[in-house]
Structure formats: structure tokens, C-alpha cells
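I have placed the structure first, in the form of C-alpha cells, so that the comments after it can refer back to it.
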Amino acid sequence: QVQLVESGGGLVQAGGSLKLSCAASGSIVSLNIMGWYRQAPGKQRELVATISTRGVTTYANSVRGRFSISRDNAKNTLYLQMNSLKAEDTGVYYCNTAGSNWPDYWGQGTQVTVSS
């Protein structure tokens, strides 16, 4: 079974930065379109950034220009650099594949809390 372990979250003031990491088992990071998702309190989980196997990235409008997704295939690790954080970025962040099907299995996520 695929294992996804997210880390790097925490409490940060508005305007600050955090870098999230996602360690994955096997070759899932190098073989798939990968994404970072977040779930804010009381809201549905949403996809905020993706990176293709060729390194092409996409971002939700709400984070474009502030977040940067990257991958290290040799380490099977996905990253999310988050800058200029806002209170509305608060939530639990998850990594997973970002293909045509919504993933069935999720890791525990990492909590990001931005204080205003």
C-alpha cells in the first residue's frame, strides 16, 4: 500500500513562510502527476497545486504567485513552498496523486495555521 507522510506544517504569522514535505513510498512521486491538497475547517478538500512528470506546474488562483510545488524524484519527495501566507491558507495539507480520479487513500496530512 502506498504511504504518504506529510510534514512541515505549523503555526506562522500572516506574511510568513513554510515549506511542506511529503515522503512517499515506492516511485509514486516520479511516475505520477502529484498535487498538494488542503482542507480548511468546515470546507471540502481542494487541490491547490500540481506538478506533472515533466515538471509542469499548475496552481489554484488563490495561491498562484505565493506557493511553489516541486519534486525530488530521487528522494520520492514532494514539496510545497508557501510564501506570503494568509489566514485563509489555514488548513490541513495533504499530498497525493492528481490524475483524473480522486484519490482513495490519504496520509495524515500536516496542519498549517496562519494567524492574522
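Lettering and numbering for the C-alpha cells are positional, with chains as A, B, ... in the shown order, residues counted from 1 in each chain, and ligands counted from 1 in the shown order.
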
Backbone-only DSSP, alpha helix (DSSP H) members of chain A, as number ranges by chain: A: 28-31

Produce a file of the selected residues containing C-alpha atoms, as a tab-separated table (two decimals), in the first residue's frame.
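Saved to out-v3.tsv:
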chain	number	residue	atom	x	y	z
A	28	ILE	CA	4.69	7.30	-6.85
A	29	VAL	CA	6.23	10.78	-6.94
A	30	SER	CA	8.25	10.19	-10.08
A	31	LEU	CA	5.60	8.26	-12.00

Give me the residues within 7 Å of stretch 44-50 of chain A as a list in words, counting only C-alpha atoms and dropping any in the same chain fewer than 3 places off. Ile33, Met34, Gly35, Trp36, Tyr37, Arg38, Gln39, Thr57, Thr58, Tyr59, Ala60, Val63, Ile69 and Ala98 of chain A

Would you mind exporting all heavy atoms of the selected residues as an mmCIF file, in the first residue's frame?
data_model
loop_
_atom_site.group_PDB
_atom_site.id
_atom_site.type_symbol
_atom_site.label_atom_id
_atom_site.label_comp_id
_atom_site.auth_asym_id
_atom_site.auth_seq_id
_atom_site.Cartn_x
_atom_site.Cartn_y
_atom_site.Cartn_z
ATOM 1 N N ILE A 33 1.393 12.422 -11.903
ATOM 2 C CA ILE A 33 1.099 13.823 -11.621
ATOM 3 C C ILE A 33 0.792 13.888 -10.135
ATOM 4 O O ILE A 33 -0.040 13.132 -9.629
ATOM 5 C CB ILE A 33 -0.111 14.318 -12.428
ATOM 6 C CG1 ILE A 33 0.149 14.191 -13.928
ATOM 7 C CG2 ILE A 33 -0.445 15.752 -12.058
ATOM 8 C CD1 ILE A 33 -1.071 14.482 -14.785
ATOM 9 N N MET A 34 1.483 14.758 -9.442
ATOM 10 C CA MET A 34 1.313 14.873 -7.991
ATOM 11 C C MET A 34 0.731 16.226 -7.634
ATOM 12 O O MET A 34 0.884 17.209 -8.368
ATOM 13 C CB MET A 34 2.655 14.683 -7.284
ATOM 14 C CG MET A 34 3.266 13.310 -7.458
ATOM 15 S SD MET A 34 2.270 11.985 -6.750
ATOM 16 C CE MET A 34 2.315 12.406 -5.005
ATOM 17 N N GLY A 35 0.073 16.263 -6.498
ATOM 18 C CA GLY A 35 -0.537 17.509 -6.074
ATOM 19 C C GLY A 35 -0.540 17.701 -4.584
ATOM 20 O O GLY A 35 -0.368 16.743 -3.813
ATOM 21 N N TRP A 36 -0.717 18.927 -4.213
ATOM 22 C CA TRP A 36 -0.979 19.290 -2.818
ATOM 23 C C TRP A 36 -2.439 19.725 -2.703
ATOM 24 O O TRP A 36 -2.918 20.524 -3.521
ATOM 25 C CB TRP A 36 -0.067 20.413 -2.355
ATOM 26 C CG TRP A 36 1.320 19.960 -2.026
ATOM 27 C CD1 TRP A 36 2.410 19.991 -2.845
ATOM 28 C CD2 TRP A 36 1.756 19.384 -0.795
ATOM 29 N NE1 TRP A 36 3.501 19.465 -2.202
ATOM 30 C CE2 TRP A 36 3.128 19.096 -0.940
ATOM 31 C CE3 TRP A 36 1.135 19.087 0.415
ATOM 32 C CZ2 TRP A 36 3.894 18.531 0.082
ATOM 33 C CZ3 TRP A 36 1.880 18.530 1.429
ATOM 34 C CH2 TRP A 36 3.243 18.252 1.265
ATOM 35 N N TYR A 37 -3.089 19.178 -1.711
ATOM 36 C CA TYR A 37 -4.476 19.483 -1.423
ATOM 37 C C TYR A 37 -4.530 20.133 -0.038
ATOM 38 O O TYR A 37 -3.637 19.924 0.793
ATOM 39 C CB TYR A 37 -5.308 18.203 -1.376
ATOM 40 C CG TYR A 37 -5.310 17.368 -2.633
ATOM 41 C CD1 TYR A 37 -4.204 16.614 -3.004
ATOM 42 C CD2 TYR A 37 -6.450 17.293 -3.425
ATOM 43 C CE1 TYR A 37 -4.217 15.822 -4.147
ATOM 44 C CE2 TYR A 37 -6.483 16.499 -4.564
ATOM 45 C CZ TYR A 37 -5.366 15.771 -4.918
ATOM 46 O OH TYR A 37 -5.399 14.981 -6.047
ATOM 47 N N ARG A 38 -5.597 20.866 0.203
ATOM 48 C CA ARG A 38 -5.799 21.377 1.552
ATOM 49 C C ARG A 38 -7.274 21.326 1.895
ATOM 50 O O ARG A 38 -8.140 21.405 1.035
ATOM 51 C CB ARG A 38 -5.266 22.789 1.713
ATOM 52 C CG ARG A 38 -6.084 23.881 1.035
ATOM 53 C CD ARG A 38 -5.438 25.212 1.235
ATOM 54 N NE ARG A 38 -6.156 26.267 0.526
ATOM 55 C CZ ARG A 38 -5.678 27.478 0.320
ATOM 56 N NH1 ARG A 38 -4.469 27.801 0.778
ATOM 57 N NH2 ARG A 38 -6.381 28.367 -0.327
ATOM 58 N N GLN A 39 -7.502 21.195 3.197
ATOM 59 C CA GLN A 39 -8.869 21.181 3.698
ATOM 60 C C GLN A 39 -8.963 22.181 4.834
ATOM 61 O O GLN A 39 -8.390 21.964 5.914
ATOM 62 C CB GLN A 39 -9.278 19.790 4.165
ATOM 63 C CG GLN A 39 -10.745 19.689 4.527
ATOM 64 C CD GLN A 39 -11.231 18.258 4.579
ATOM 65 O OE1 GLN A 39 -10.448 17.312 4.648
ATOM 66 N NE2 GLN A 39 -12.530 18.082 4.524
ATOM 67 N N THR A 57 3.839 22.827 -13.793
ATOM 68 C CA THR A 57 3.094 23.104 -12.565
ATOM 69 C C THR A 57 1.810 23.876 -12.855
ATOM 70 O O THR A 57 1.729 24.641 -13.824
ATOM 71 C CB THR A 57 3.944 23.903 -11.582
ATOM 72 O OG1 THR A 57 4.369 25.125 -12.210
ATOM 73 C CG2 THR A 57 5.167 23.117 -11.156
ATOM 74 N N THR A 58 0.823 23.668 -12.008
ATOM 75 C CA THR A 58 -0.408 24.450 -12.052
ATOM 76 C C THR A 58 -0.765 24.831 -10.627
ATOM 77 O O THR A 58 -0.401 24.118 -9.671
ATOM 78 C CB THR A 58 -1.575 23.672 -12.677
ATOM 79 O OG1 THR A 58 -1.929 22.587 -11.824
ATOM 80 C CG2 THR A 58 -1.228 23.146 -14.062
ATOM 81 N N TYR A 59 -1.491 25.932 -10.497
ATOM 82 C CA TYR A 59 -1.867 26.428 -9.169
ATOM 83 C C TYR A 59 -3.299 26.932 -9.175
ATOM 84 O O TYR A 59 -3.781 27.480 -10.170
ATOM 85 C CB TYR A 59 -0.936 27.576 -8.757
ATOM 86 C CG TYR A 59 0.518 27.162 -8.657
ATOM 87 C CD1 TYR A 59 1.382 27.321 -9.728
ATOM 88 C CD2 TYR A 59 1.014 26.582 -7.485
ATOM 89 C CE1 TYR A 59 2.702 26.920 -9.654
ATOM 90 C CE2 TYR A 59 2.336 26.181 -7.399
ATOM 91 C CZ TYR A 59 3.171 26.349 -8.494
ATOM 92 O OH TYR A 59 4.475 25.944 -8.407
ATOM 93 N N ALA A 60 -3.944 26.777 -8.043
ATOM 94 C CA ALA A 60 -5.233 27.404 -7.851
ATOM 95 C C ALA A 60 -5.032 28.918 -7.820
ATOM 96 O O ALA A 60 -3.979 29.410 -7.408
ATOM 97 C CB ALA A 60 -5.863 26.922 -6.544
ATOM 98 N N VAL A 63 -3.639 30.668 -4.667
ATOM 99 C CA VAL A 63 -2.265 30.517 -4.196
ATOM 100 C C VAL A 63 -1.232 30.876 -5.258
ATOM 101 O O VAL A 63 -0.027 30.933 -4.952
ATOM 102 C CB VAL A 63 -2.000 29.077 -3.688
ATOM 103 C CG1 VAL A 63 -3.034 28.671 -2.665
ATOM 104 C CG2 VAL A 63 -1.955 28.076 -4.832
ATOM 105 N N ILE A 69 5.315 24.435 -6.019
ATOM 106 C CA ILE A 69 5.391 22.985 -5.849
ATOM 107 C C ILE A 69 6.629 22.460 -6.578
ATOM 108 O O ILE A 69 6.987 22.959 -7.655
ATOM 109 C CB ILE A 69 4.111 22.302 -6.398
ATOM 110 C CG1 ILE A 69 4.109 20.805 -6.070
ATOM 111 C CG2 ILE A 69 3.930 22.569 -7.884
ATOM 112 C CD1 ILE A 69 2.772 20.124 -6.412
ATOM 113 N N ALA A 98 -2.630 13.395 -8.570
ATOM 114 C CA ALA A 98 -3.575 14.416 -9.037
ATOM 115 C C ALA A 98 -3.980 14.109 -10.478
ATOM 116 O O ALA A 98 -4.007 14.987 -11.327
ATOM 117 C CB ALA A 98 -2.957 15.796 -8.923
#

Distance of atom CA of A:Ser7 from atom CA of A:Pro41, expressed in Å to one decimal place: 18.8 Å

For A:Ser84, work out the shell of residues within 10 Å, counting only C-alpha atoms and skipping chain neighbours fewer than 5 positions away, then give it as a VMD selection string. chain A and resid 13 to 18 63 65 to 67 89

Take the residues from that selection and put them in a file with all heavy atoms, as an mmCIF file, in the first residue's frame.
data_model
loop_
_atom_site.group_PDB
_atom_site.id
_atom_site.type_symbol
_atom_site.label_atom_id
_atom_site.label_comp_id
_atom_site.auth_asym_id
_atom_site.auth_seq_id
_atom_site.Cartn_x
_atom_site.Cartn_y
_atom_site.Cartn_z
ATOM 1 N N GLN A 13 2.780 33.453 11.436
ATOM 2 C CA GLN A 13 2.050 34.710 11.306
ATOM 3 C C GLN A 13 1.772 35.007 9.840
ATOM 4 O O GLN A 13 2.508 34.566 8.942
ATOM 5 C CB GLN A 13 2.855 35.847 11.922
ATOM 6 C CG GLN A 13 2.930 35.798 13.440
ATOM 7 C CD GLN A 13 3.594 37.035 14.019
ATOM 8 O OE1 GLN A 13 4.382 37.701 13.377
ATOM 9 N NE2 GLN A 13 3.247 37.343 15.273
ATOM 10 N N ALA A 14 0.731 35.760 9.608
ATOM 11 C CA ALA A 14 0.418 36.182 8.246
ATOM 12 C C ALA A 14 1.634 36.892 7.638
ATOM 13 O O ALA A 14 2.307 37.670 8.308
ATOM 14 C CB ALA A 14 -0.789 37.110 8.246
ATOM 15 N N GLY A 15 1.900 36.558 6.377
ATOM 16 C CA GLY A 15 3.074 37.092 5.700
ATOM 17 C C GLY A 15 4.289 36.195 5.796
ATOM 18 O O GLY A 15 5.278 36.417 5.086
ATOM 19 N N GLY A 16 4.226 35.188 6.638
ATOM 20 C CA GLY A 16 5.349 34.280 6.827
ATOM 21 C C GLY A 16 5.391 33.184 5.785
ATOM 22 O O GLY A 16 4.591 33.159 4.844
ATOM 23 N N SER A 17 6.333 32.269 5.982
ATOM 24 C CA SER A 17 6.558 31.191 5.023
ATOM 25 C C SER A 17 6.668 29.848 5.734
ATOM 26 O O SER A 17 7.077 29.780 6.901
ATOM 27 C CB SER A 17 7.859 31.435 4.241
ATOM 28 O OG SER A 17 7.806 32.620 3.491
ATOM 29 N N LEU A 18 6.316 28.809 5.008
ATOM 30 C CA LEU A 18 6.510 27.435 5.445
ATOM 31 C C LEU A 18 6.857 26.605 4.223
ATOM 32 O O LEU A 18 6.427 26.923 3.106
ATOM 33 C CB LEU A 18 5.253 26.861 6.092
ATOM 34 C CG LEU A 18 4.891 27.295 7.507
ATOM 35 C CD1 LEU A 18 3.525 26.741 7.886
ATOM 36 C CD2 LEU A 18 5.941 26.832 8.506
ATOM 37 N N VAL A 63 -3.639 30.668 -4.667
ATOM 38 C CA VAL A 63 -2.265 30.517 -4.196
ATOM 39 C C VAL A 63 -1.232 30.876 -5.258
ATOM 40 O O VAL A 63 -0.027 30.933 -4.952
ATOM 41 C CB VAL A 63 -2.000 29.077 -3.688
ATOM 42 C CG1 VAL A 63 -3.034 28.671 -2.665
ATOM 43 C CG2 VAL A 63 -1.955 28.076 -4.832
ATOM 44 N N GLY A 65 1.416 32.492 -7.442
ATOM 45 C CA GLY A 65 2.320 33.591 -7.141
ATOM 46 C C GLY A 65 2.865 33.564 -5.731
ATOM 47 O O GLY A 65 3.829 34.273 -5.414
ATOM 48 N N ARG A 66 2.267 32.740 -4.877
ATOM 49 C CA ARG A 66 2.733 32.651 -3.487
ATOM 50 C C ARG A 66 3.261 31.259 -3.143
ATOM 51 O O ARG A 66 4.164 31.127 -2.318
ATOM 52 C CB ARG A 66 1.586 32.995 -2.526
ATOM 53 C CG ARG A 66 1.016 34.378 -2.718
ATOM 54 C CD ARG A 66 -0.005 34.722 -1.638
ATOM 55 N NE ARG A 66 -1.173 33.831 -1.680
ATOM 56 C CZ ARG A 66 -1.525 33.032 -0.672
ATOM 57 N NH1 ARG A 66 -0.815 32.997 0.439
ATOM 58 N NH2 ARG A 66 -2.615 32.259 -0.784
ATOM 59 N N PHE A 67 2.697 30.237 -3.754
ATOM 60 C CA PHE A 67 3.103 28.850 -3.481
ATOM 61 C C PHE A 67 3.904 28.314 -4.653
ATOM 62 O O PHE A 67 3.690 28.709 -5.804
ATOM 63 C CB PHE A 67 1.879 27.956 -3.286
ATOM 64 C CG PHE A 67 1.115 28.179 -2.013
ATOM 65 C CD1 PHE A 67 1.352 29.265 -1.192
ATOM 66 C CD2 PHE A 67 0.139 27.268 -1.624
ATOM 67 C CE1 PHE A 67 0.637 29.469 -0.023
ATOM 68 C CE2 PHE A 67 -0.585 27.446 -0.454
ATOM 69 C CZ PHE A 67 -0.341 28.551 0.336
ATOM 70 N N ASP A 89 -5.200 30.551 4.267
ATOM 71 C CA ASP A 89 -4.408 29.378 3.914
ATOM 72 C C ASP A 89 -4.436 28.324 5.025
ATOM 73 O O ASP A 89 -3.912 27.223 4.850
ATOM 74 C CB ASP A 89 -2.952 29.764 3.638
ATOM 75 C CG ASP A 89 -2.784 30.655 2.424
ATOM 76 O OD1 ASP A 89 -3.470 30.403 1.412
ATOM 77 O OD2 ASP A 89 -1.976 31.612 2.491
#

Point-to-point distance from atom CA of A:Leu20 to atom CA of A:Gln1, Å rounded to tenths: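 Separation between atom CA of A:Leu20 and atom CA of A:Gln1: 22.4 Å.
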
For A:Ser115, which residue out of A:Leu80, A:Ala24, A:Ala87, A:Ala40 is the nearest one, using only C-alpha atoms?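 That would be A:Ala87, the residue with the smallest distance to A:Ser115.
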
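By chain and then residue number, the residues within 7 Å of A:Thr113 are Gly10, Leu11, Val12, Thr90 and Gly91 of chain A, counting only C-alpha atoms and disregarding those fewer than 6 positions away in sequence.
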
Dump all heavy atoms for the selected residues as a PDB file, in the first residue's frame?
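Resulting contents of part.pdb:
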ATOM      1  N   GLY A  10       2.784  23.997  10.659  1.00  0.00           N
ATOM      2  CA  GLY A  10       2.987  24.670  11.937  1.00  0.00           C
ATOM      3  C   GLY A  10       2.172  25.930  12.022  1.00  0.00           C
ATOM      4  O   GLY A  10       1.294  26.191  11.202  1.00  0.00           O
ATOM      5  N   LEU A  11       2.483  26.707  13.047  1.00  0.00           N
ATOM      6  CA  LEU A  11       1.814  27.985  13.278  1.00  0.00           C
ATOM      7  C   LEU A  11       2.734  29.100  12.795  1.00  0.00           C
ATOM      8  O   LEU A  11       3.904  29.151  13.178  1.00  0.00           O
ATOM      9  CB  LEU A  11       1.518  28.154  14.765  1.00  0.00           C
ATOM     10  CG  LEU A  11       0.951  29.497  15.204  1.00  0.00           C
ATOM     11  CD1 LEU A  11      -0.410  29.738  14.563  1.00  0.00           C
ATOM     12  CD2 LEU A  11       0.846  29.537  16.732  1.00  0.00           C
ATOM     13  N   VAL A  12       2.200  29.965  11.969  1.00  0.00           N
ATOM     14  CA  VAL A  12       3.001  31.050  11.407  1.00  0.00           C
ATOM     15  C   VAL A  12       2.147  32.307  11.329  1.00  0.00           C
ATOM     16  O   VAL A  12       0.917  32.215  11.167  1.00  0.00           O
ATOM     17  CB  VAL A  12       3.554  30.654  10.021  1.00  0.00           C
ATOM     18  CG1 VAL A  12       2.434  30.421   9.024  1.00  0.00           C
ATOM     19  CG2 VAL A  12       4.554  31.663   9.501  1.00  0.00           C
ATOM     20  N   THR A  90      -5.029  28.655   6.139  1.00  0.00           N
ATOM     21  CA  THR A  90      -5.113  27.721   7.253  1.00  0.00           C
ATOM     22  C   THR A  90      -5.876  26.461   6.858  1.00  0.00           C
ATOM     23  O   THR A  90      -6.917  26.544   6.201  1.00  0.00           O
ATOM     24  CB  THR A  90      -5.806  28.390   8.456  1.00  0.00           C
ATOM     25  OG1 THR A  90      -4.961  29.433   8.942  1.00  0.00           O
ATOM     26  CG2 THR A  90      -6.078  27.397   9.574  1.00  0.00           C
ATOM     27  N   GLY A  91      -5.342  25.324   7.261  1.00  0.00           N
ATOM     28  CA  GLY A  91      -5.992  24.056   6.973  1.00  0.00           C
ATOM     29  C   GLY A  91      -5.025  22.905   7.105  1.00  0.00           C
ATOM     30  O   GLY A  91      -3.858  23.103   7.448  1.00  0.00           O
TER      31      GLY A  91
END

Best match for closeness to A:Leu78 among A:Ser52, A:Ser116, A:Thr110, A:Ser21, counting only C-alpha atoms: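 Smallest distance to A:Leu78 is found for A:Ser21.
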
Taking only C-alpha atoms into account, which of A:Trp102, A:Gln3, A:Gly8, A:Tyr94 comes nearest A:Gln81?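 Closest residue, counting only C-alpha atoms: A:Gly8.
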
Please report the interatomic distance between atom CA of A:Thr97 and atom CA of A:Ala74 in Å with one decimal.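 Atom CA of A:Ala74 lies 17.2 Å from atom CA of A:Thr97.
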